[in-house]
Amino acid sequence: MQGYKKTELPSVLERHELKYTIPYSYVEPITRFLLIYCDYDYYSTLSDDRFYQVNSLYFDTRCHEFLKQRLFGKNGRFNMRVRCYGRGNIAPYYLEIKHKHGITGVKYRAKAGEHEWPAILTDPDYRVQA
């Protein structure tokens with residue numbers, strides 16, 4: 001498909017994040033501008049409207065400490081989640097730990113296949129195969 005190049009994210013990704021809420025009417029002009037410099041990602045190419053579902057399962061303490069740290073804007077916070085893309089919650093699954101310090105975010109990401117799920121979370125004897 002034109003405008004698409006399949007690439008994998010590195011297992012450790014450092015980035016500077018500034019997030020904005022924009023009106024829906026800005027999506028198309030911003031997309032046109034960005035396509036000069038960027039390609040659609042893999043999941044965008046699978047649907048006609050270029051939108052896709054992102055499924056996230058966040059982990060937290062019993063007292064919701066990670067959520068509280070995010071809501072209060074605590075510097076040095078982190079969160080853990082499992083994420084998959086598209087409808088149907090199908091593999092691959094990405095286990096992610098995100099650490100945020102100011103506007104700099106570091107994401108550690110590991111890919112888990114169908115055969116590793118959910119044992120990777122539920123089996124205390126589970127070991128990653130090197």
# chains A, B, ... in the order shown; residues from 1 in each chain; ligands from 1

$ residues_around --residues "A:Ser56" --least-positions-apart "3" --cutoff "8 Å" --atoms "only C-alpha atoms" --output "list in words"
Arg81, Val82, Arg83 and Cys84 of chain A

$ residues_around --residues "A:His115" --least-positions-apart "3" --cutoff "12 Å" --atoms "only C-alpha atoms" --output "ChimeraX atom specification"
/A:90-93,111-112,118-120,126,128-129

$ write_last_selection --atoms "N, CA and C atoms" --output "mmCIF file, in the first residue's frame"
data_model
loop_
_atom_site.group_PDB
_atom_site.id
_atom_site.type_symbol
_atom_site.label_atom_id
_atom_site.label_comp_id
_atom_site.auth_asym_id
_atom_site.auth_seq_id
_atom_site.Cartn_x
_atom_site.Cartn_y
_atom_site.Cartn_z
ATOM 1 N N ILE A 90 -6.723 -9.185 19.583
ATOM 2 C CA ILE A 90 -5.875 -10.274 19.099
ATOM 3 C C ILE A 90 -4.395 -9.878 19.193
ATOM 4 N N ALA A 91 -3.544 -10.903 19.243
ATOM 5 C CA ALA A 91 -2.097 -10.694 19.333
ATOM 6 C C ALA A 91 -1.601 -9.990 18.067
ATOM 7 N N PRO A 92 -0.456 -9.323 18.163
ATOM 8 C CA PRO A 92 0.442 -9.304 19.304
ATOM 9 C C PRO A 92 -0.042 -8.351 20.394
ATOM 10 N N TYR A 93 0.384 -8.658 21.622
ATOM 11 C CA TYR A 93 0.112 -7.814 22.782
ATOM 12 C C TYR A 93 1.416 -7.129 23.152
ATOM 13 N N LYS A 111 6.968 -7.326 23.273
ATOM 14 C CA LYS A 111 5.903 -7.927 22.463
ATOM 15 C C LYS A 111 5.623 -9.338 22.965
ATOM 16 N N ALA A 112 4.347 -9.657 23.136
ATOM 17 C CA ALA A 112 3.936 -10.998 23.566
ATOM 18 C C ALA A 112 3.001 -11.578 22.518
ATOM 19 N N PRO A 118 -2.574 -15.621 28.499
ATOM 20 C CA PRO A 118 -2.247 -14.691 29.580
ATOM 21 C C PRO A 118 -1.207 -15.214 30.564
ATOM 22 N N ALA A 119 -0.551 -16.355 30.260
ATOM 23 C CA ALA A 119 0.398 -16.948 31.210
ATOM 24 C C ALA A 119 1.480 -15.973 31.646
ATOM 25 N N ILE A 120 1.838 -15.059 30.767
ATOM 26 C CA ILE A 120 2.881 -14.095 31.108
ATOM 27 C C ILE A 120 2.492 -13.275 32.343
ATOM 28 N N TYR A 126 6.296 -18.426 34.950
ATOM 29 C CA TYR A 126 6.518 -18.105 33.536
ATOM 30 C C TYR A 126 7.876 -17.435 33.368
ATOM 31 N N VAL A 128 10.449 -15.727 30.273
ATOM 32 C CA VAL A 128 10.588 -15.295 28.886
ATOM 33 C C VAL A 128 11.688 -16.120 28.239
ATOM 34 N N GLN A 129 11.403 -16.628 27.046
ATOM 35 C CA GLN A 129 12.397 -17.407 26.307
ATOM 36 C C GLN A 129 13.353 -16.458 25.601
#

$ closest_residue --among "A:Asn79, A:Gly86, A:Gly73, A:Leu67" --to "A:Tyr43" --atoms "only C-alpha atoms"
A:Gly86

$ residues_around --residues "stretch 107-110 of chain A" --least-positions-apart "3" --cutoff "12 Å" --atoms "only C-alpha atoms" --output "PyMOL selection string"
chain A and resi 8-17+78-84+92-101+104+113+116+120+128

$ closest_residue --among "A:Ile103, A:Asn89, A:Thr61, A:Gly76" --to "A:Lys19" --atoms "only C-alpha atoms"
A:Ile103

$ residues_around --residues "A:Arg87" --least-positions-apart "6" --cutoff "10 Å" --atoms "only C-alpha atoms" --output "PDB file with C-alpha atoms, in the first residue's frame"
ATOM      1  CA  TYR A  52      -8.508   1.976  14.421  1.00  0.00           C
ATOM      2  CA  GLN A  53      -9.303   0.780  17.905  1.00  0.00           C
ATOM      3  CA  VAL A  54      -6.636   0.814  20.634  1.00  0.00           C
ATOM      4  CA  ASN A  55      -7.268  -1.624  23.500  1.00  0.00           C
TER       5      ASN A  55
END

$ atom_distance --atom1 "atom CA of A:Lys74" --atom2 "atom CA of A:Leu57"
21.4 Å
